[in-house]
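First the structure, in the form of structure tokens, and then the observations on it.
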Amino acid sequence: MDSERLIQMQFKNTQLYRCLILECHAQYLHVLTDQGDHLRIRSLPNHKVGDTICILDEDIIKDTAHSVTHKPIFLKNTIRTLSALAAIFLIMVLVHFSISNIAYAVISLDINPSIELKLNKSGEVIRTNSFNPESALLLSKTNLKGQAYEKAIDDILNQALLLGYTIDQHSVLFAVAPVKTRTDDMIIAIEKNLSVYTERLNAEVRIGDQLSYQNEKNRDISLGRNLISKEHPDIDENDLKHMKIGDIFKTIEKNDALEHEDDDTDDTDDTDDDTVENGTEVEKESNKSKVIENQSKAIENHDNESNESNESNESDESNESHEEDDEKIDDASKDD
Amino acid sequence: MANDLKIANTEKMMLDLYDARQSEVARNDMIQMYLPFIVKCIKEITGNYVRIGDSDELSIGMMAFNEAIDRYDEQKGFFLSYAKLVISSRVKSYTERNNTPSVPIAIEAIDQIKSEQVVLEHYTEHVLEEEIENWKKELIKFNITFSDLLEKKPKHKDTLNKAIEISKEISLNQPIVTTMFEKYRLPIQAIHHDLGFSVKVLEGSRVFIISVVIIFVKELGAIKRWILRD
């Protein structure tokens, strides 16, 4: 009963095809059905091109089945395992690469060449920036990527020496700033390491914050020069951008000296006033003329010595001292 | 449940058998329905696919099945097992008859065989073979092989029928056919423009369409009749 039913079921669902043999291969026959379809069927002997035959579904070689059955199972499993391992390895490499390529801190180094090094979490240089043609030239002669920042700084300084730059006596400015939060330890460690250059080369070190780095990013100026610009707003930013670090510090020193000199001049004026009040009328007249002469000389000297950058400030101050002098002269004439 | 199904199937078979014995139409229907069974039986016996044109195997198998319908009774076991026995017996007899050495023809009789008849029989026998060879040569001019036809055939029956219809229309358009056989490529844009078929369909069935257009244009009559089921 079972075999009867099986045969019945089998043949009621089986389709019959009328085919024309187009090609005979050892593994298969290529046939054209009377529906116009091209099929691959199992090869049987005693058939030739041009024969018209009847075939059943079971004779057709399905394309997918054909390709799959030729692959041993263990090979498929091996390929799957290897593919999975390769994918995991690739993901790990990508994750590692993306982590090691994130900037955590930035160090800028200014001589006249202005160079910026971006560091990853391990303190390795991941990117370099040049802010002027001199720094581009210097960077072209070095390969800093992937190096520890200490080694990279040494390389830059050596190369600067070879290119003829002076790197001692206030000629080098280092600046450090975090790019990401929670990098305090890293910044402290870098600052500590940079102190070596302060001792050896008299280099200046400035520490910035995340905001100062953001500002520097938008202003096309190195971090160090940006921090100096903030500290000394009296220095013209355009000059600051192009000046050598040695010259910047000389200007700063000169400005500081001038400020001290101004303070001294104010003290001298006070002493002269006391003398005028306590003297005789004749003495008063002679003192008045002396005061006027001294003050005018002081103003002239002051004007000559001051540079262009603080010219406006100086002129304001001198105007104020002029006004004070005029008031004193008026008071003296009233006394007369 | 399974037992009920078996009983139902057997009852259905007995009913079919009863109808077939009563009516000629029902008999033909039953033979058509069990044609795959007949083909499989013949294939198992001969070890080859069942030839349609130059062999009587299929006819003998069908006649044997017809005979089984008439001669079957329940005492002979299951119907299909019995039918298989009958088919096997008849096909074997036919094969043995064909394998026996033919009777030698007397020299006098050779004169009676007309040479034209021999040529015609030979031509009919080999016409498909020759047309397939010509078709293959024409396809190579378009840089297409028979393997390409297997790989790049339309996947669905509707697409296939549509591609045959498109090929028919293309073969009737002389300018397109001229361009096609001058440049040995399917002028898809021209066909799209002149006949309005979608570029996507033409691109998808390009190889198949070229192959069918060659059949129509190069008058490969036997293959043409084959795919048009004439």
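By order of appearance in the structure tokens: chains A, B, ..., then residues from 1 within every chain, and ligands from 1 in the order shown.
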Got a sec to pull out which chain B residues are within 7 Å of chain A, counting only C-alpha atoms, and send them as number ranges by chain? B: 6, 9, 33-34, 36-37, 48-53, 78, 80, 128-129, 132, 149-150, 153, 226-227, 229
Generate a file of the selected residues that holds N, CA and C atoms, formatted as a PDB file, in the first residue's frame.
```
ATOM      1  N   LYS B   6      -4.379   6.639   2.915  1.00  0.00           N
ATOM      2  CA  LYS B   6      -3.965   5.551   2.017  1.00  0.00           C
ATOM      3  C   LYS B   6      -5.199   4.923   1.358  1.00  0.00           C
ATOM      4  N   ASN B   9      -6.626   7.264  -1.211  1.00  0.00           N
ATOM      5  CA  ASN B   9      -5.840   7.253  -2.453  1.00  0.00           C
ATOM      6  C   ASN B   9      -6.130   6.023  -3.299  1.00  0.00           C
ATOM      7  N   MET B  33      -2.093  11.703 -17.356  1.00  0.00           N
ATOM      8  CA  MET B  33      -1.748  11.988 -15.959  1.00  0.00           C
ATOM      9  C   MET B  33      -0.558  11.130 -15.506  1.00  0.00           C
ATOM     10  N   TYR B  34      -0.506   9.890 -16.020  1.00  0.00           N
ATOM     11  CA  TYR B  34       0.564   8.985 -15.593  1.00  0.00           C
ATOM     12  C   TYR B  34       1.701   8.912 -16.613  1.00  0.00           C
ATOM     13  N   PRO B  36       4.443  10.830 -16.834  1.00  0.00           N
ATOM     14  CA  PRO B  36       5.754  10.818 -16.162  1.00  0.00           C
ATOM     15  C   PRO B  36       6.111   9.429 -15.619  1.00  0.00           C
ATOM     16  N   PHE B  37       5.100   8.709 -15.115  1.00  0.00           N
ATOM     17  CA  PHE B  37       5.337   7.355 -14.596  1.00  0.00           C
ATOM     18  C   PHE B  37       5.792   6.426 -15.734  1.00  0.00           C
ATOM     19  N   ASN B  48      18.370   4.947 -20.808  1.00  0.00           N
ATOM     20  CA  ASN B  48      18.533   6.189 -21.580  1.00  0.00           C
ATOM     21  C   ASN B  48      17.300   7.066 -21.382  1.00  0.00           C
ATOM     22  N   TYR B  49      17.455   8.323 -21.823  1.00  0.00           N
ATOM     23  CA  TYR B  49      16.256   9.161 -21.846  1.00  0.00           C
ATOM     24  C   TYR B  49      15.336   8.653 -22.957  1.00  0.00           C
ATOM     25  N   VAL B  50      14.048   8.888 -22.779  1.00  0.00           N
ATOM     26  CA  VAL B  50      13.079   8.424 -23.775  1.00  0.00           C
ATOM     27  C   VAL B  50      13.102   9.365 -24.975  1.00  0.00           C
ATOM     28  N   ARG B  51      13.433   8.805 -26.137  1.00  0.00           N
ATOM     29  CA  ARG B  51      13.482   9.627 -27.353  1.00  0.00           C
ATOM     30  C   ARG B  51      12.060   9.857 -27.857  1.00  0.00           C
ATOM     31  N   ILE B  52      11.869  11.054 -28.401  1.00  0.00           N
ATOM     32  CA  ILE B  52      10.515  11.366 -28.876  1.00  0.00           C
ATOM     33  C   ILE B  52      10.383  11.078 -30.370  1.00  0.00           C
ATOM     34  N   GLY B  53      11.355  11.558 -31.132  1.00  0.00           N
ATOM     35  CA  GLY B  53      11.183  11.541 -32.583  1.00  0.00           C
ATOM     36  C   GLY B  53      11.336  10.183 -33.219  1.00  0.00           C
ATOM     37  N   PHE B  78      -1.245  -4.171  -6.598  1.00  0.00           N
ATOM     38  CA  PHE B  78      -1.483  -2.746  -6.831  1.00  0.00           C
ATOM     39  C   PHE B  78      -1.420  -2.425  -8.313  1.00  0.00           C
ATOM     40  N   LEU B  80      -0.360   0.281 -10.073  1.00  0.00           N
ATOM     41  CA  LEU B  80       0.857   0.849 -10.680  1.00  0.00           C
ATOM     42  C   LEU B  80       1.989  -0.176 -10.765  1.00  0.00           C
ATOM     43  N   LEU B 128      18.138  18.808 -37.548  1.00  0.00           N
ATOM     44  CA  LEU B 128      18.263  19.490 -36.251  1.00  0.00           C
ATOM     45  C   LEU B 128      19.730  19.657 -35.846  1.00  0.00           C
ATOM     46  N   GLU B 129      20.472  18.596 -36.104  1.00  0.00           N
ATOM     47  CA  GLU B 129      21.902  18.616 -35.756  1.00  0.00           C
ATOM     48  C   GLU B 129      22.617  19.744 -36.511  1.00  0.00           C
ATOM     49  N   ILE B 132      21.520  23.231 -35.296  1.00  0.00           N
ATOM     50  CA  ILE B 132      22.152  23.563 -34.000  1.00  0.00           C
ATOM     51  C   ILE B 132      23.577  24.051 -34.237  1.00  0.00           C
ATOM     52  N   LEU B 149      24.143  30.871 -22.743  1.00  0.00           N
ATOM     53  CA  LEU B 149      22.681  30.727 -22.768  1.00  0.00           C
ATOM     54  C   LEU B 149      22.173  30.038 -21.505  1.00  0.00           C
ATOM     55  N   LEU B 150      22.984  29.111 -20.973  1.00  0.00           N
ATOM     56  CA  LEU B 150      22.600  28.439 -19.729  1.00  0.00           C
ATOM     57  C   LEU B 150      22.679  29.391 -18.538  1.00  0.00           C
ATOM     58  N   LYS B 153      20.064  32.875 -19.030  1.00  0.00           N
ATOM     59  CA  LYS B 153      18.678  32.683 -19.498  1.00  0.00           C
ATOM     60  C   LYS B 153      17.724  33.420 -18.562  1.00  0.00           C
ATOM     61  N   TRP B 226      10.441  24.032 -32.910  1.00  0.00           N
ATOM     62  CA  TRP B 226      10.597  23.413 -31.589  1.00  0.00           C
ATOM     63  C   TRP B 226      10.194  24.388 -30.475  1.00  0.00           C
ATOM     64  N   ILE B 227      10.745  25.608 -30.534  1.00  0.00           N
ATOM     65  CA  ILE B 227      10.447  26.523 -29.417  1.00  0.00           C
ATOM     66  C   ILE B 227       9.056  27.153 -29.539  1.00  0.00           C
ATOM     67  N   ARG B 229       6.557  25.375 -30.541  1.00  0.00           N
ATOM     68  CA  ARG B 229       5.688  24.214 -30.313  1.00  0.00           C
ATOM     69  C   ARG B 229       4.706  24.010 -31.481  1.00  0.00           C
TER      70      ARG B 229
END
```
Worksheet item: Tell me, which residues of segment 76-299 of chain A carry DSSP strand (DSSP E), written as a PyMOL selection string?
Response: chain A and resi 105-110+114-119+125-130+173-178+204-207
Restricting it to N, CA and C atoms, dump the selection as a compact mmCIF listing (two decimals), in the first residue's frame.
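Written output follows (result_29.txt):
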```
# COMPACT_ATOMS: atom_id res chain seq x y z
N ALA A 105 46.09 65.46 23.21
CA ALA A 105 46.79 66.69 23.61
C ALA A 105 47.52 67.26 22.41
N VAL A 106 47.86 68.53 22.53
CA VAL A 106 48.59 69.16 21.43
C VAL A 106 49.79 69.92 22.02
N ILE A 107 50.93 69.76 21.35
CA ILE A 107 52.13 70.50 21.75
C ILE A 107 52.51 71.38 20.57
N SER A 108 52.71 72.68 20.84
CA SER A 108 53.23 73.52 19.77
C SER A 108 54.66 73.91 20.11
N LEU A 109 55.46 74.01 19.06
CA LEU A 109 56.88 74.34 19.22
C LEU A 109 57.19 75.47 18.24
N ASP A 110 57.57 76.61 18.78
CA ASP A 110 57.86 77.78 17.93
C ASP A 110 59.32 78.17 18.07
N SER A 114 56.88 77.34 13.11
CA SER A 114 55.84 77.02 14.10
C SER A 114 55.23 75.67 13.76
N ILE A 115 55.46 74.74 14.67
CA ILE A 115 55.00 73.37 14.40
C ILE A 115 54.07 72.94 15.53
N GLU A 116 53.09 72.17 15.15
CA GLU A 116 52.15 71.67 16.15
C GLU A 116 52.10 70.14 16.05
N LEU A 117 52.20 69.48 17.19
CA LEU A 117 52.15 68.01 17.22
C LEU A 117 50.89 67.59 17.96
N LYS A 118 50.09 66.76 17.32
CA LYS A 118 48.90 66.24 18.01
C LYS A 118 49.25 64.84 18.52
N LEU A 119 48.93 64.59 19.77
CA LEU A 119 49.35 63.34 20.41
C LEU A 119 48.14 62.47 20.75
N VAL A 125 52.93 60.84 18.31
CA VAL A 125 52.52 61.88 17.36
C VAL A 125 51.60 61.24 16.32
N ILE A 126 50.39 61.76 16.19
CA ILE A 126 49.48 61.21 15.17
C ILE A 126 49.30 62.17 14.00
N ARG A 127 49.49 63.48 14.25
CA ARG A 127 49.39 64.46 13.16
C ARG A 127 50.36 65.60 13.43
N THR A 128 50.84 66.22 12.36
CA THR A 128 51.69 67.41 12.51
C THR A 128 51.07 68.54 11.69
N ASN A 129 51.17 69.75 12.22
CA ASN A 129 50.68 70.93 11.50
C ASN A 129 51.83 71.92 11.34
N SER A 130 51.87 72.56 10.21
CA SER A 130 52.87 73.62 10.03
C SER A 130 52.12 74.93 9.79
N LEU A 173 59.81 78.35 22.08
CA LEU A 173 58.60 78.43 22.91
C LEU A 173 57.81 77.13 22.75
N PHE A 174 57.57 76.49 23.89
CA PHE A 174 56.72 75.30 23.88
C PHE A 174 55.37 75.68 24.47
N ALA A 175 54.31 75.09 23.94
CA ALA A 175 52.99 75.28 24.56
C ALA A 175 52.25 73.95 24.51
N VAL A 176 51.54 73.67 25.56
CA VAL A 176 50.80 72.41 25.66
C VAL A 176 49.35 72.73 26.00
N ALA A 177 48.44 72.00 25.38
CA ALA A 177 47.02 72.17 25.74
C ALA A 177 46.30 70.85 25.55
N PRO A 178 45.31 70.58 26.39
CA PRO A 178 44.54 69.34 26.20
C PRO A 178 43.53 69.52 25.06
N GLU A 204 60.93 78.68 26.75
CA GLU A 204 59.74 79.10 27.50
C GLU A 204 58.66 78.04 27.32
N VAL A 205 57.93 77.77 28.36
CA VAL A 205 56.83 76.79 28.27
C VAL A 205 55.54 77.47 28.72
N ARG A 206 54.51 77.32 27.93
CA ARG A 206 53.19 77.86 28.30
C ARG A 206 52.18 76.69 28.32
N ILE A 207 51.29 76.73 29.29
CA ILE A 207 50.26 75.69 29.38
C ILE A 207 48.91 76.33 29.08
```
| segment 184-193 of chain B: which residues within 10 Å, counting only C-alpha atoms, same-chain residues fewer than 4 positions away excluded, as an MDAnalysis selection string? | chainID B and resid 138:143 166 169:170 173 175:180 197:203 206:207 209:210 213
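Between atom CA of Met14 of chain B and atom CA of Gly61 of chain B there is a distance of 20.9 Å.
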### Message
What's around Val212 of chain B at 9 Å? Count only C-alpha atoms, leave out sequence neighbours fewer than 6 positions away in its own chain, and write the answer as a PyMOL selection string.
### Response
(chain A and resi 36) or (chain B and resi 163-164+167-168+171+224)
I'd like the contact shell of Pro113 of chain A - 10 Å cut-off, only C-alpha atoms, skipping same-chain residues fewer than 2 positions apart - returned as an mmCIF file with N, CA and C atoms, in the first residue's frame.
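Okay, selection_37.cif is ready:
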```cif
data_model
loop_
_atom_site.group_PDB
_atom_site.id
_atom_site.type_symbol
_atom_site.label_atom_id
_atom_site.label_comp_id
_atom_site.auth_asym_id
_atom_site.auth_seq_id
_atom_site.Cartn_x
_atom_site.Cartn_y
_atom_site.Cartn_z
ATOM 1 N N LEU A 109 55.463 74.014 19.056
ATOM 2 C CA LEU A 109 56.882 74.335 19.222
ATOM 3 C C LEU A 109 57.190 75.468 18.242
ATOM 4 N N ASP A 110 57.571 76.615 18.782
ATOM 5 C CA ASP A 110 57.860 77.779 17.933
ATOM 6 C C ASP A 110 59.321 78.168 18.073
ATOM 7 N N ILE A 111 59.985 78.374 16.928
ATOM 8 C CA ILE A 111 61.335 78.959 16.929
ATOM 9 C C ILE A 111 61.150 80.210 16.078
ATOM 10 N N ILE A 115 55.455 74.743 14.671
ATOM 11 C CA ILE A 115 55.005 73.370 14.403
ATOM 12 C C ILE A 115 54.073 72.936 15.526
ATOM 13 N N GLU A 116 53.092 72.166 15.148
ATOM 14 C CA GLU A 116 52.154 71.665 16.147
ATOM 15 C C GLU A 116 52.104 70.144 16.051
ATOM 16 N N SER A 130 51.872 72.558 10.209
ATOM 17 C CA SER A 130 52.867 73.619 10.027
ATOM 18 C C SER A 130 52.115 74.927 9.794
ATOM 19 N N PHE A 131 52.626 76.008 10.399
ATOM 20 C CA PHE A 131 51.923 77.286 10.309
ATOM 21 C C PHE A 131 52.631 78.273 9.393
ATOM 22 N N ASN A 132 53.823 77.939 8.946
ATOM 23 C CA ASN A 132 54.532 78.836 8.025
ATOM 24 C C ASN A 132 55.423 78.009 7.095
ATOM 25 N N PRO A 133 55.962 78.608 6.042
ATOM 26 C CA PRO A 133 56.756 77.846 5.080
ATOM 27 C C PRO A 133 58.003 77.224 5.706
ATOM 28 N N GLU A 134 58.589 77.928 6.696
ATOM 29 C CA GLU A 134 59.794 77.403 7.344
ATOM 30 C C GLU A 134 59.500 76.075 8.041
ATOM 31 N N SER A 135 58.328 76.028 8.710
ATOM 32 C CA SER A 135 57.989 74.794 9.424
ATOM 33 C C SER A 135 57.676 73.666 8.452
ATOM 34 N N ALA A 136 57.082 74.025 7.298
ATOM 35 C CA ALA A 136 56.791 72.986 6.290
ATOM 36 C C ALA A 136 58.097 72.380 5.785
ATOM 37 N N LEU A 137 59.090 73.241 5.590
ATOM 38 C CA LEU A 137 60.402 72.761 5.128
ATOM 39 C C LEU A 137 61.021 71.836 6.171
ATOM 40 N N LEU A 138 60.927 72.283 7.421
ATOM 41 C CA LEU A 138 61.525 71.480 8.498
ATOM 42 C C LEU A 138 60.830 70.117 8.617
ATOM 43 N N LEU A 139 59.504 70.149 8.531
ATOM 44 C CA LEU A 139 58.750 68.890 8.658
ATOM 45 C C LEU A 139 59.030 67.938 7.505
ATOM 46 N N ILE A 156 62.980 67.604 15.922
ATOM 47 C CA ILE A 156 62.674 68.941 15.387
ATOM 48 C C ILE A 156 63.799 69.920 15.740
ATOM 49 N N ALA A 160 66.242 71.864 13.284
ATOM 50 C CA ALA A 160 66.268 73.330 13.307
ATOM 51 C C ALA A 160 67.713 73.820 13.397
ATOM 52 N N TYR A 165 68.890 77.625 12.671
ATOM 53 C CA TYR A 165 68.138 78.418 13.648
ATOM 54 C C TYR A 165 68.843 78.372 15.004
ATOM 55 N N VAL A 172 63.142 79.415 21.909
ATOM 56 C CA VAL A 172 62.165 78.333 21.665
ATOM 57 C C VAL A 172 60.996 78.496 22.640
ATOM 58 N N SER A 222 49.900 79.452 15.895
ATOM 59 C CA SER A 222 50.268 78.331 16.763
ATOM 60 C C SER A 222 49.771 78.582 18.182
ATOM 61 N N HIS A 242 54.606 86.509 12.755
ATOM 62 C CA HIS A 242 55.754 86.367 11.874
ATOM 63 C C HIS A 242 57.101 86.537 12.568
ATOM 64 N N MET A 243 57.088 87.076 13.789
ATOM 65 C CA MET A 243 58.361 87.331 14.481
ATOM 66 C C MET A 243 58.999 86.043 14.968
ATOM 67 N N LYS A 244 60.357 86.102 15.098
ATOM 68 C CA LYS A 244 61.045 84.977 15.721
ATOM 69 C C LYS A 244 60.762 85.029 17.208
ATOM 70 N N ILE A 245 60.799 83.837 17.828
ATOM 71 C CA ILE A 245 60.479 83.786 19.254
ATOM 72 C C ILE A 245 61.460 84.652 20.051
#
```
### Message
Give me the residues near Met63 of chain B as a PyMOL selection string, where near means some atom within 10 Å (using only C-alpha atoms) and where sequence neighbours in that chain fewer than 3 positions away do not count.
### Response
chain B and resi 31+38+57-60+66-69+86-87+90
Task: Distance criterion (only C-alpha atoms): nearest to Ser89 of chain B out of B:Glu151, B:Met30, B:Asp16, B:Ile45 - done: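 Answer, going by the shortest atom-to-atom distance: B:Ile45.
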- Message: Please return, as a PyMOL selection string, all residues of chain B that DSSP assigns to alpha helix (DSSP H) on the basis of the backbone.
- Response: chain B and resi 2-22+24-33+35-46+57-71+79-99+107-110+115-141+146-151+157-172+174-183+188-195+199-204+206-217+221-228
### Task
Would you mind reading off the distance between atom CA of Ile102 of chain A and atom CA of Asn120 of chain A, one decimal, in Å?
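Separating atom CA of Ile102 of chain A from atom CA of Asn120 of chain A is a distance of 5.7 Å.
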